[in-house]
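What's in final03.cif: mmCIF, C-alpha atoms and all ligand atoms
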```cif
data_structure
#
loop_
_atom_site.label_atom_id
_atom_site.label_comp_id
_atom_site.auth_asym_id
_atom_site.auth_seq_id
_atom_site.Cartn_x
_atom_site.Cartn_y
_atom_site.Cartn_z
CA MET L 276 0.00 0.00 0.00
CA THR L 277 1.52 3.31 -1.14
CA ILE L 278 0.43 6.91 -0.59
CA PRO L 279 -0.83 7.38 -4.19
CA GLU L 280 -2.71 4.08 -3.91
CA LEU L 281 -4.48 5.33 -0.79
CA ARG L 282 -5.48 8.57 -2.50
CA THR L 283 -6.95 6.67 -5.44
CA ARG L 284 -8.74 4.31 -3.06
CA LYS L 285 -10.37 7.22 -1.28
CA ALA L 286 -11.59 8.74 -4.55
CA GLU L 287 -12.93 5.38 -5.71
CA LEU L 288 -14.86 4.73 -2.54
CA LEU L 289 -16.43 8.18 -2.53
CA LYS L 290 -17.37 7.77 -6.18
CA ALA L 291 -18.94 4.40 -5.46
CA LEU L 292 -21.02 6.03 -2.74
CA GLU L 293 -22.18 8.78 -5.13
CA SER L 294 -23.71 6.18 -7.39
CA VAL L 295 -25.70 4.49 -4.64
CA ALA L 296 -29.37 4.81 -5.55
CA SER L 297 -31.29 2.61 -3.10
CA SER L 298 -31.04 1.49 0.50
CA ALA L 299 -30.19 -2.00 -0.77
CA ASP L 300 -27.15 -0.55 -2.60
CA LEU L 301 -26.22 1.37 0.50
CA GLU L 302 -26.43 -1.76 2.64
CA ALA L 303 -24.24 -3.63 0.14
CA PHE L 304 -21.67 -0.83 0.29
CA LYS L 305 -21.65 -1.00 4.06
CA LEU L 306 -21.12 -4.76 4.08
CA ALA L 307 -18.27 -4.51 1.56
CA HIS L 308 -16.38 -1.61 3.07
CA LEU L 309 -17.54 -0.40 6.47
CA VAL L 310 -18.04 -3.48 8.65
CA ARG L 311 -15.40 -5.02 10.88
CA LYS L 312 -14.04 -7.25 8.14
CA GLY L 313 -14.70 -4.73 5.32
CA SER L 314 -12.17 -3.25 2.90
CA ILE L 315 -11.38 -0.21 5.04
CA ALA L 316 -10.64 -2.38 8.06
CA THR L 317 -8.35 -4.47 5.84
CA LEU L 318 -6.49 -1.31 4.83
CA PHE L 319 -5.89 -0.62 8.52
CA ASP L 320 -4.53 -4.15 8.89
CA ASP L 321 -2.19 -3.57 5.93
CA LEU L 322 -0.80 -0.50 7.64
CA LYS L 323 1.37 -2.89 9.67
CA THR L 324 3.36 -3.87 6.60
CA VAL L 325 3.98 -0.30 5.37
CA PRO L 326 7.64 0.85 5.68
CA LYS L 327 8.36 2.90 8.80
CA GLU L 328 9.12 6.16 6.93
CA VAL L 329 5.71 6.41 5.27
CA LYS L 330 3.70 4.95 8.13
CA PRO L 331 2.72 8.29 9.79
CA GLU L 332 1.50 9.81 6.53
CA ALA L 333 -0.24 6.64 5.45
CA GLY L 334 -1.96 6.38 8.83
CA LYS L 335 -3.15 9.96 8.63
CA LEU L 336 -4.44 9.50 5.10
CA LEU L 337 -6.20 6.31 6.04
CA ASN L 338 -7.98 8.01 8.92
CA GLU L 339 -9.06 10.80 6.59
CA LEU L 340 -10.30 8.23 4.12
CA ARG L 341 -12.40 6.49 6.74
CA THR L 342 -13.90 9.73 8.10
CA ALA L 343 -14.72 11.01 4.61
CA VAL L 344 -16.38 7.74 3.62
CA GLU L 345 -18.36 7.51 6.85
CA GLU L 346 -19.60 11.08 6.56
CA LYS L 347 -20.65 10.64 2.97
CA PHE L 348 -22.34 7.37 3.94
CA LYS L 349 -24.42 9.10 6.61
CA GLU L 350 -25.35 11.91 4.28
CA ILE L 351 -26.63 9.47 1.67
CA GLU L 352 -28.42 7.42 4.28
CA ILE L 353 -30.33 10.51 5.42
CA THR L 354 -31.18 11.55 1.85
CA LEU L 355 -32.46 8.07 1.05
CA ALA L 356 -34.49 7.83 4.26
CA SER L 357 -36.23 11.17 3.71
CA SER L 358 -37.04 10.43 0.09
CA GLN L 359 -38.64 7.13 1.11
CA LYS L 360 -41.00 8.64 3.67
CA PRO L 361 -44.64 8.50 2.62
CA LYS L 362 -45.88 11.91 1.53
CA SER L 363 -48.54 12.27 4.20
CA ARG L 364 -48.09 10.18 7.27
CA GLN L 365 -51.25 8.35 8.20
CA LEU L 366 -51.97 8.28 11.91
CA ASP L 367 -53.92 5.29 13.12
CA LEU L 368 -55.58 6.59 16.24
CA THR L 369 -57.16 3.22 16.98
CA MET L 370 -53.79 1.52 17.36
CA PRO L 371 -53.23 0.19 20.90
CA ALA L 372 -50.62 2.08 22.90
CA ARG L 373 -47.23 0.53 23.48
CA PRO L 374 -47.01 -0.90 26.98
CA ILE L 375 -44.92 1.21 29.34
CA THR L 376 -42.14 -1.02 30.58
CA VAL L 377 -40.55 0.29 33.74
CA THR L 378 -37.26 -1.44 34.30
CA GLU L 379 -36.35 0.51 37.41
CA PRO L 380 -39.36 1.94 39.19
CA GLY L 381 -38.76 4.80 41.63
CA HIS L 382 -38.91 4.06 45.32
CA LYS L 383 -38.65 5.67 48.71
CA HIS L 384 -35.41 6.83 50.26
CA PRO L 385 -34.33 4.59 53.18
CA LEU L 386 -34.71 7.52 55.58
CA ALA L 387 -38.25 8.15 54.39
CA THR L 388 -39.10 4.45 54.74
CA THR L 389 -37.82 4.41 58.32
CA LEU L 390 -39.60 7.63 59.25
CA ASP L 391 -42.87 6.61 57.62
CA GLU L 392 -42.90 3.28 59.44
CA MET L 393 -42.36 5.00 62.76
CA VAL L 394 -45.06 7.57 62.08
CA GLU L 395 -47.49 4.83 61.05
CA ILE L 396 -47.02 3.02 64.37
CA PHE L 397 -47.88 6.21 66.25
CA VAL L 398 -50.84 7.01 64.00
CA ASN L 399 -52.19 3.52 64.76
CA MET L 400 -51.87 4.35 68.46
CA GLY L 401 -54.03 7.45 67.96
CA PHE L 402 -51.42 10.15 67.41
CA ASP L 403 -51.87 13.06 64.98
CA VAL L 404 -49.01 14.19 62.73
CA ALA L 405 -47.87 17.82 62.92
CA TYR L 406 -45.18 19.86 61.19
CA GLY L 407 -43.35 23.08 61.96
CA PRO L 408 -40.88 25.38 60.20
CA GLU L 409 -37.21 24.49 59.82
CA ILE L 410 -36.27 28.16 60.15
CA GLU L 411 -37.20 29.06 63.70
CA ASP L 412 -36.79 31.87 66.21
CA ASP L 413 -34.98 31.74 69.51
CA GLU L 414 -38.29 31.80 71.43
CA HIS L 415 -39.53 28.53 69.97
CA ASN L 416 -36.26 26.67 69.66
CA PHE L 417 -34.95 27.64 73.11
CA GLY L 418 -36.80 30.29 75.16
CA LYS L 419 -40.16 28.63 75.66
CA LEU L 420 -38.45 25.29 76.09
CA ASN L 421 -36.97 26.56 79.35
CA PHE L 422 -33.39 26.96 78.08
CA ALA L 423 -31.63 29.51 80.31
CA PRO L 424 -30.37 32.59 78.41
CA ASP L 425 -26.79 31.38 78.83
CA HIS L 426 -27.45 27.72 78.01
CA PRO L 427 -24.53 26.38 75.96
CA ALA L 428 -26.80 24.91 73.27
CA ARG L 429 -27.64 28.48 72.23
CA ASP L 430 -24.00 28.98 71.36
CA MET L 431 -22.90 29.64 67.79
CA GLN L 432 -20.88 26.45 68.08
CA ASP L 433 -24.02 24.35 68.05
CA THR L 434 -26.59 26.44 66.25
CA PHE L 435 -26.71 27.77 62.71
CA PHE L 436 -27.96 31.35 62.83
CA VAL L 437 -29.49 33.16 59.89
CA LYS L 438 -29.25 36.96 59.68
CA PRO L 439 -32.77 38.47 59.65
CA ASN L 440 -31.59 41.01 57.03
CA SER L 441 -28.45 41.87 55.10
CA ASP L 442 -27.18 44.65 57.39
CA TRP L 443 -27.73 42.76 60.59
CA THR L 444 -24.80 42.74 63.05
CA PRO L 445 -24.53 41.06 66.47
CA GLY L 446 -26.18 43.38 68.99
CA SER L 447 -28.78 44.72 66.53
CA LYS L 448 -32.30 45.06 67.90
CA GLU L 449 -33.73 42.40 65.63
CA LYS L 450 -33.15 38.86 66.84
CA PRO L 451 -31.41 36.48 64.44
CA VAL L 452 -33.43 33.55 63.21
CA LEU L 453 -31.92 30.09 63.29
CA LEU L 454 -32.17 26.63 61.80
CA ARG L 455 -33.98 24.55 64.39
CA THR L 456 -31.61 22.32 66.33
CA HIS L 457 -34.36 19.85 67.26
CA THR L 458 -38.03 19.19 66.51
CA SER L 459 -39.07 20.28 70.03
CA PRO L 460 -40.10 23.80 68.84
CA VAL L 461 -43.02 22.10 67.06
CA GLN L 462 -44.20 21.02 70.55
CA VAL L 463 -44.24 24.69 71.55
CA ARG L 464 -46.23 25.63 68.47
CA LEU L 465 -48.81 22.92 69.19
CA MET L 466 -49.16 23.91 72.85
CA GLU L 467 -49.50 27.60 71.89
CA ALA L 468 -52.27 26.68 69.46
CA GLY L 469 -54.00 25.31 72.55
CA ASN L 470 -56.21 22.56 71.14
CA LEU L 471 -56.17 20.28 74.17
CA PRO L 472 -55.73 17.41 74.66
CA ILE L 473 -52.67 16.99 72.42
CA ARG L 474 -51.46 13.65 71.13
CA ALA L 475 -49.09 14.15 68.19
CA VAL L 476 -45.86 13.14 66.54
CA MET L 477 -43.78 15.67 64.62
CA PRO L 478 -41.28 14.45 62.06
CA GLY L 479 -38.74 16.71 60.43
CA ARG L 480 -35.26 17.85 59.57
CA VAL L 481 -33.03 19.51 62.12
CA TYR L 482 -29.64 21.22 61.88
CA ARG L 483 -26.59 21.31 64.11
CA ASN L 484 -23.23 22.91 63.60
CA GLU L 485 -21.32 19.71 64.18
CA ALA L 486 -18.16 18.22 62.76
CA ILE L 487 -19.36 16.00 59.94
CA SER L 488 -18.27 12.37 60.16
CA ALA L 489 -19.44 8.87 59.32
CA ARG L 490 -21.62 8.97 62.46
CA SER L 491 -22.87 12.56 62.52
CA ALA L 492 -24.23 14.98 59.96
CA ALA L 493 -25.03 18.69 60.20
CA CYS L 494 -28.56 18.00 58.98
CA PHE L 495 -30.55 15.00 60.14
CA TYR L 496 -34.07 13.85 60.95
CA GLN L 497 -35.94 13.59 64.23
CA LEU L 498 -39.33 12.36 65.30
CA GLU L 499 -40.82 14.30 68.18
CA GLY L 500 -43.78 13.18 70.27
CA LEU L 501 -46.05 15.10 72.62
CA VAL L 502 -49.01 14.06 74.75
CA ILE L 503 -50.77 16.61 76.96
CA ASP L 504 -53.92 15.72 78.88
CA LYS L 505 -55.33 15.56 82.38
CA GLY L 506 -53.63 12.90 84.49
CA VAL L 507 -50.83 11.89 82.07
CA SER L 508 -47.99 10.24 83.97
CA MET L 509 -44.55 8.75 83.50
CA ALA L 510 -46.21 5.31 83.46
CA ASP L 511 -48.10 6.31 80.30
CA LEU L 512 -44.83 7.37 78.68
CA LYS L 513 -43.18 4.11 79.60
CA GLY L 514 -46.05 1.94 78.38
CA MET L 515 -46.31 3.83 75.10
CA LEU L 516 -42.56 3.60 74.46
CA LEU L 517 -42.51 -0.12 75.19
CA SER L 518 -45.34 -0.64 72.76
CA PHE L 519 -43.55 1.41 70.11
CA ALA L 520 -40.29 -0.52 70.64
CA GLN L 521 -42.08 -3.87 70.31
CA GLN L 522 -43.78 -2.79 67.10
CA PHE L 523 -40.75 -1.17 65.52
CA TYR L 524 -37.77 -3.13 66.81
CA GLY L 525 -39.40 -6.54 67.32
CA ALA L 526 -41.94 -8.20 69.63
CA ASP L 527 -39.32 -9.34 72.17
CA SER L 528 -37.85 -5.86 72.64
CA LYS L 529 -37.32 -4.47 76.10
CA ILE L 530 -36.71 -0.87 77.07
CA ARG L 531 -34.73 0.70 79.86
CA LEU L 532 -34.94 4.25 81.19
CA ARG L 533 -31.88 6.07 82.50
CA PRO L 534 -32.07 9.43 84.30
CA SER L 535 -31.02 12.33 82.10
CA TYR L 536 -31.46 16.06 81.70
CA PHE L 537 -33.28 18.27 79.23
CA PRO L 538 -34.33 21.82 80.16
CA PHE L 539 -37.87 21.22 78.90
CA THR L 540 -38.68 17.96 80.69
CA GLU L 541 -38.65 17.03 84.37
CA PRO L 542 -37.91 14.30 85.13
CA SER L 543 -35.93 13.51 81.97
CA VAL L 544 -34.82 10.11 80.73
CA GLU L 545 -32.63 8.58 78.09
CA VAL L 546 -34.33 5.50 76.65
CA ASP L 547 -32.49 2.40 75.47
CA VAL L 548 -33.99 -0.52 73.57
CA SER L 549 -32.56 -4.04 73.80
CA CYS L 550 -30.29 -4.61 70.82
CA TYR L 551 -32.38 -6.12 68.04
CA ILE L 552 -29.33 -7.44 66.26
CA CYS L 553 -28.07 -9.75 69.06
CA GLY L 554 -31.24 -9.85 71.18
CA GLY L 555 -29.40 -8.27 74.12
CA LYS L 556 -26.50 -10.71 74.28
CA GLY L 557 -23.98 -8.11 73.15
CA CYS L 558 -22.54 -7.52 69.69
CA ARG L 559 -20.53 -5.03 67.66
CA ILE L 560 -23.57 -2.87 66.88
CA CYS L 561 -24.53 -2.36 70.55
CA LYS L 562 -20.86 -2.18 71.52
CA HIS L 563 -21.32 -5.33 73.64
CA THR L 564 -23.77 -3.64 76.02
CA GLY L 565 -26.91 -5.37 74.75
CA TRP L 566 -28.65 -1.96 74.56
CA LEU L 567 -29.10 0.73 71.92
CA GLU L 568 -29.70 4.33 72.91
CA VAL L 569 -32.71 5.44 70.88
CA LEU L 570 -34.38 8.50 72.33
CA GLY L 571 -34.70 11.26 74.90
CA ALA L 572 -37.93 11.80 76.79
CA GLY L 573 -39.57 13.09 79.94
CA MET L 574 -42.53 14.81 81.56
CA VAL L 575 -43.11 18.27 80.08
CA HIS L 576 -41.66 20.85 82.49
CA PRO L 577 -44.30 22.98 84.25
CA ASN L 578 -42.47 26.14 83.09
CA VAL L 579 -42.90 25.03 79.48
CA LEU L 580 -46.61 24.36 79.94
CA ARG L 581 -47.09 27.74 81.65
CA ASP L 582 -45.12 29.68 79.01
CA CYS L 583 -47.25 28.09 76.32
CA GLY L 584 -50.47 29.07 78.05
CA ILE L 585 -51.37 25.71 79.64
CA ASP L 586 -52.16 25.43 83.35
CA PRO L 587 -49.71 22.90 84.85
CA GLU L 588 -52.06 22.43 87.82
CA ILE L 589 -54.66 20.95 85.49
CA TYR L 590 -52.65 19.42 82.66
CA THR L 591 -49.57 17.23 82.54
CA GLY L 592 -47.86 15.57 79.63
CA TYR L 593 -44.89 13.75 78.27
CA ALA L 594 -42.59 14.37 75.32
CA PHE L 595 -40.01 12.36 73.49
CA GLY L 596 -37.63 12.85 70.59
CA MET L 597 -35.65 10.36 68.57
CA GLY L 598 -33.11 10.53 65.79
CA ILE L 599 -33.98 8.78 62.57
CA ASP L 600 -30.67 8.62 60.71
CA ARG L 601 -28.77 6.37 63.10
CA THR L 602 -31.75 4.05 63.34
CA ALA L 603 -31.77 3.78 59.56
CA LEU L 604 -28.00 3.23 59.57
CA MET L 605 -28.31 0.21 61.86
CA ARG L 606 -31.38 -1.09 60.19
CA TYR L 607 -29.89 -1.18 56.71
CA GLY L 608 -26.31 -1.88 57.79
CA VAL L 609 -25.07 1.36 56.21
CA GLY L 610 -21.56 2.32 57.25
CA ASP L 611 -21.65 6.09 56.74
CA ILE L 612 -24.43 8.56 57.55
CA ARG L 613 -23.28 10.92 54.78
CA LEU L 614 -24.41 8.44 52.13
CA PHE L 615 -28.04 9.31 52.92
CA ALA L 616 -27.60 12.85 51.60
CA GLU L 617 -25.21 12.28 48.71
CA ASN L 618 -27.83 11.13 46.20
CA ASP L 619 -25.46 8.57 44.73
CA TYR L 620 -27.56 6.39 42.49
CA ARG L 621 -25.38 3.31 43.16
CA PHE L 622 -26.21 3.65 46.85
CA LEU L 623 -29.90 4.54 46.52
CA ARG L 624 -30.83 1.77 44.08
CA GLN L 625 -30.01 -0.87 46.69
CA PHE L 626 -33.08 -0.11 48.80
N1 LIG D 1 -35.03 17.62 71.73
C1 LIG D 1 -34.18 16.62 72.36
C2 LIG D 1 -32.91 16.46 71.53
O1 LIG D 1 -32.86 16.90 70.41
C3 LIG D 1 -34.87 15.30 72.50
C4 LIG D 1 -36.07 15.32 73.41
C5 LIG D 1 -37.33 15.58 72.94
C6 LIG D 1 -35.92 15.08 74.76
C7 LIG D 1 -38.43 15.59 73.78
C8 LIG D 1 -36.98 15.09 75.62
C9 LIG D 1 -38.25 15.35 75.12
O2 LIG D 1 -31.95 15.89 71.97
#
```
Let me see the file written as structure tokens.
Amino acid sequence: MTIPELRTRKAELLKALESVASSADLEAFKLAHLVRKGSIATLFDDLKTVPKEVKPEAGKLLNELRTAVEEKFKEIEITLASSQKPKSRQLDLTMPARPITVTEPGHKHPLATTLDEMVEIFVNMGFDVAYGPEIEDDEHNFGKLNFAPDHPARDMQDTFFVKPNSDWTPGSKEKPVLLRTHTSPVQVRLMEAGNLPIRAVMPGRVYRNEAISARSAACFYQLEGLVIDKGVSMADLKGMLLSFAQQFYGADSKIRLRPSYFPFTEPSVEVDVSCYICGGKGCRICKHTGWLEVLGAGMVHPNVLRDCGIDPEIYTGYAFGMGIDRTALMRYGVGDIRLFAENDYRFLRQF
């Protein structure tokens, strides 16, 4: 194969294409020259035997030849196709529709599945579902929940503040708004609304200015619960939580209450559920304790009731709040909490 030979070959092939008059001719051309064992592919094979000095030029020419032929081929293909179209396309409106085949139907996010299952259990126990804003004010997120003015949770270190307007500076009259650090402000909103008795769960997203790691995110989900009525006691809280644990974590689940502290409940407890992976024997997931810490709870503090316009001499109530993300982590054996928010299709399609 020499350079002049290649030039002639290119001219010949293009000329042959010019004379193609039907799609059958075109198909024949393709089979002879453009397929994997066609004449152009053979020319590429022959390139191996070309002397070293001419190889670069021959290679370049050959590539040009192939591109030119392919482009011309497409051009002719399009011309032929359009000339073969029927003049006026007849639409048959009675033709049955093609079935829609869904190979990968959409589905719920694992966090949504977990949250929805929890909410459903409470709805079946007679709870309403309520929502509140994610952008809150200090009053609802802290003040009316009995947080002292100097409580460390109000610190910039924990809370994301949002300037109320562009020229706001610390010390301005207007109070900054903030991203709620828990779902407890929705409790306040429900109590302020004053439709007693209250029996509600409040799911939602919360934000904390935390170092992001495999175990903690700056944005996560909580499920809050609130029951206010005459004669509500700690025993009601305990019975309800046990029932929830047995429905959600398994019929053999046990719970245990440990004393704790929250400004808005008194007494306050931390609630553990027996590890549903090992049944309480001790495993890696429960760090060999047999227990998983699942929520915070307590009797609503009289100050909170009073500040929300409810007489603590007449009404009592309990509240609880649990994190959703870590529950979902354990449930689905996910190793890193950040995966829930990354929207990586390879991760999401597994659920
Ligand atoms: N709001 C608390 C938290 O985020 C949880 C909680 C809710 C505790 C209700 C007691 C009662 O940690």
Any idea what the distance is between CA of Gly334 in chain L and CA of Leu322 in chain L?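 A separation of 7.1 Å between them.
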Using only C-alpha atoms and all ligand atoms, determine which residues fall within 6 Å of ligand LIG 1 (chain D), then list them as a tab-separated table (two decimals) with C-alpha atoms, in the frame of the given file.
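selection-v7.tsv was written with the following content:
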```
chain	number	residue	atom	x	y	z
L	457	HIS	CA	-34.36	19.85	67.26
L	459	SER	CA	-39.07	20.28	70.03
L	571	GLY	CA	-34.70	11.26	74.90
L	572	ALA	CA	-37.93	11.80	76.79
L	573	GLY	CA	-39.57	13.09	79.94
L	594	ALA	CA	-42.59	14.37	75.32
L	595	PHE	CA	-40.01	12.36	73.49
L	596	GLY	CA	-37.63	12.85	70.59
```
If you count all atoms listed in the file, which residues fall within 6 Å of range 492-495 of chain L, apart from same-chain ones fewer than 3 positions away, as a list in words?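 The residues satisfying every condition are Arg480, Val481, Tyr482, Arg483, Asn484, Glu485 and Ile487 of chain L.
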Long-range neighbours of Phe615 in chain L as a list of chain:residue names, 10 Å cut-off, all atoms listed in the file, 5 positions minimum in chain: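 With the cut-off at 10 Å, the set is L:His384, L:Pro385, L:Leu386, L:Ala492, L:Phe495, L:Asp600, L:Ala603, L:Leu604, L:Val609, L:Phe622, L:Leu623.
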Per residue of range 515-605 of chain L within 8 Å of range 391-414 of chain L, record the nearest atom pair and its distance in Å to one decimal, counting only C-alpha atoms, with rows in chain order and ascending residue number, as a tab-separated table.
```
residue	atom	partner	partner_atom	distance
L:Phe519	CA	L:Ile396	CA	6.9
L:Gln522	CA	L:Ile396	CA	7.2
L:Phe523	CA	L:Met393	CA	6.9
```
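By all atoms listed in the file, and with residues fewer than 4 positions from Asp527 in chain L along its chain excluded, the set lying at most 12 Å from it is Leu517, Ser518, Phe519, Ala520, Gln521, Gln522, Phe523, Val548, Ser549, Cys550, Tyr551, Ile552, Cys553, Gly554 and Gly555 of chain L.
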I'd like the interatomic distance between CA of Gly565 in chain L and CA of Gly500 in chain L, to a tenth of an Å.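 CA of Gly500 in chain L lies at a distance of 25.5 Å from CA of Gly565 in chain L.
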What is the distance, in Å and to one decimal place, between CA of Lys505 in chain L and CA of Leu420 in chain L? 20.5 Å
Measuring between all atoms listed in the file, which one of L:Gly381, L:Asp433, L:Ala291, L:Met605 shows the shortest distance to Ala303 in chain L?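 Once distances to Ala303 in chain L are computed over all atoms listed in the file, the minimum belongs to L:Ala291.
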Would you list the contacts of range 305-313 of chain L as a PyMOL selection string, taking every protein, DNA or RNA residue within 9 Å and counting only C-alpha atoms, but skipping same-chain residues closer than 2 positions in sequence? chain L and resi 288+300-303+315-318+341+344-345+348
Shortest interatomic distance to Leu580 in chain L - which of L:Ile503, L:Leu498, L:Leu453, L:Leu390, counting all atoms listed in the file: L:Ile503
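Excluding Thr283 in chain L itself and any same-chain residue fewer than 6 positions from it, the protein and nucleic acid residues within 12 Å of it, counting all atoms listed in the file, are Met276, Thr277, Leu289, Lys290, Leu336, Leu337 and Leu340 of chain L.
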Restricting to only C-alpha atoms, whichever of L:Pro542, L:Pro445, L:Gly418, L:Gly608 is closest to Pro460 in chain L is L:Gly418
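Residues with any atom within 10 Å of the point (-52.6, 19.1, 71.6), counting only C-alpha atoms, are Phe402, Asp403, Ala405, Gln462, Arg464, Leu465, Met466, Glu467, Ala468, Gly469, Asn470, Leu471, Pro472, Ile473, Arg474, Ala475, Leu501, Val502, Ile503, Asp504 and Gly592 of chain L.
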Store the residues of this selection in a file with C-alpha atoms, as a CSV table (one decimal), in the frame of the given file.
```
chain,number,residue,atom,x,y,z
L,402,PHE,CA,-51.4,10.2,67.4
L,403,ASP,CA,-51.9,13.1,65.0
L,405,ALA,CA,-47.9,17.8,62.9
L,462,GLN,CA,-44.2,21.0,70.6
L,464,ARG,CA,-46.2,25.6,68.5
L,465,LEU,CA,-48.8,22.9,69.2
L,466,MET,CA,-49.2,23.9,72.8
L,467,GLU,CA,-49.5,27.6,71.9
L,468,ALA,CA,-52.3,26.7,69.5
L,469,GLY,CA,-54.0,25.3,72.6
L,470,ASN,CA,-56.2,22.6,71.1
L,471,LEU,CA,-56.2,20.3,74.2
L,472,PRO,CA,-55.7,17.4,74.7
L,473,ILE,CA,-52.7,17.0,72.4
L,474,ARG,CA,-51.5,13.6,71.1
L,475,ALA,CA,-49.1,14.2,68.2
L,501,LEU,CA,-46.0,15.1,72.6
L,502,VAL,CA,-49.0,14.1,74.8
L,503,ILE,CA,-50.8,16.6,77.0
L,504,ASP,CA,-53.9,15.7,78.9
L,592,GLY,CA,-47.9,15.6,79.6
```
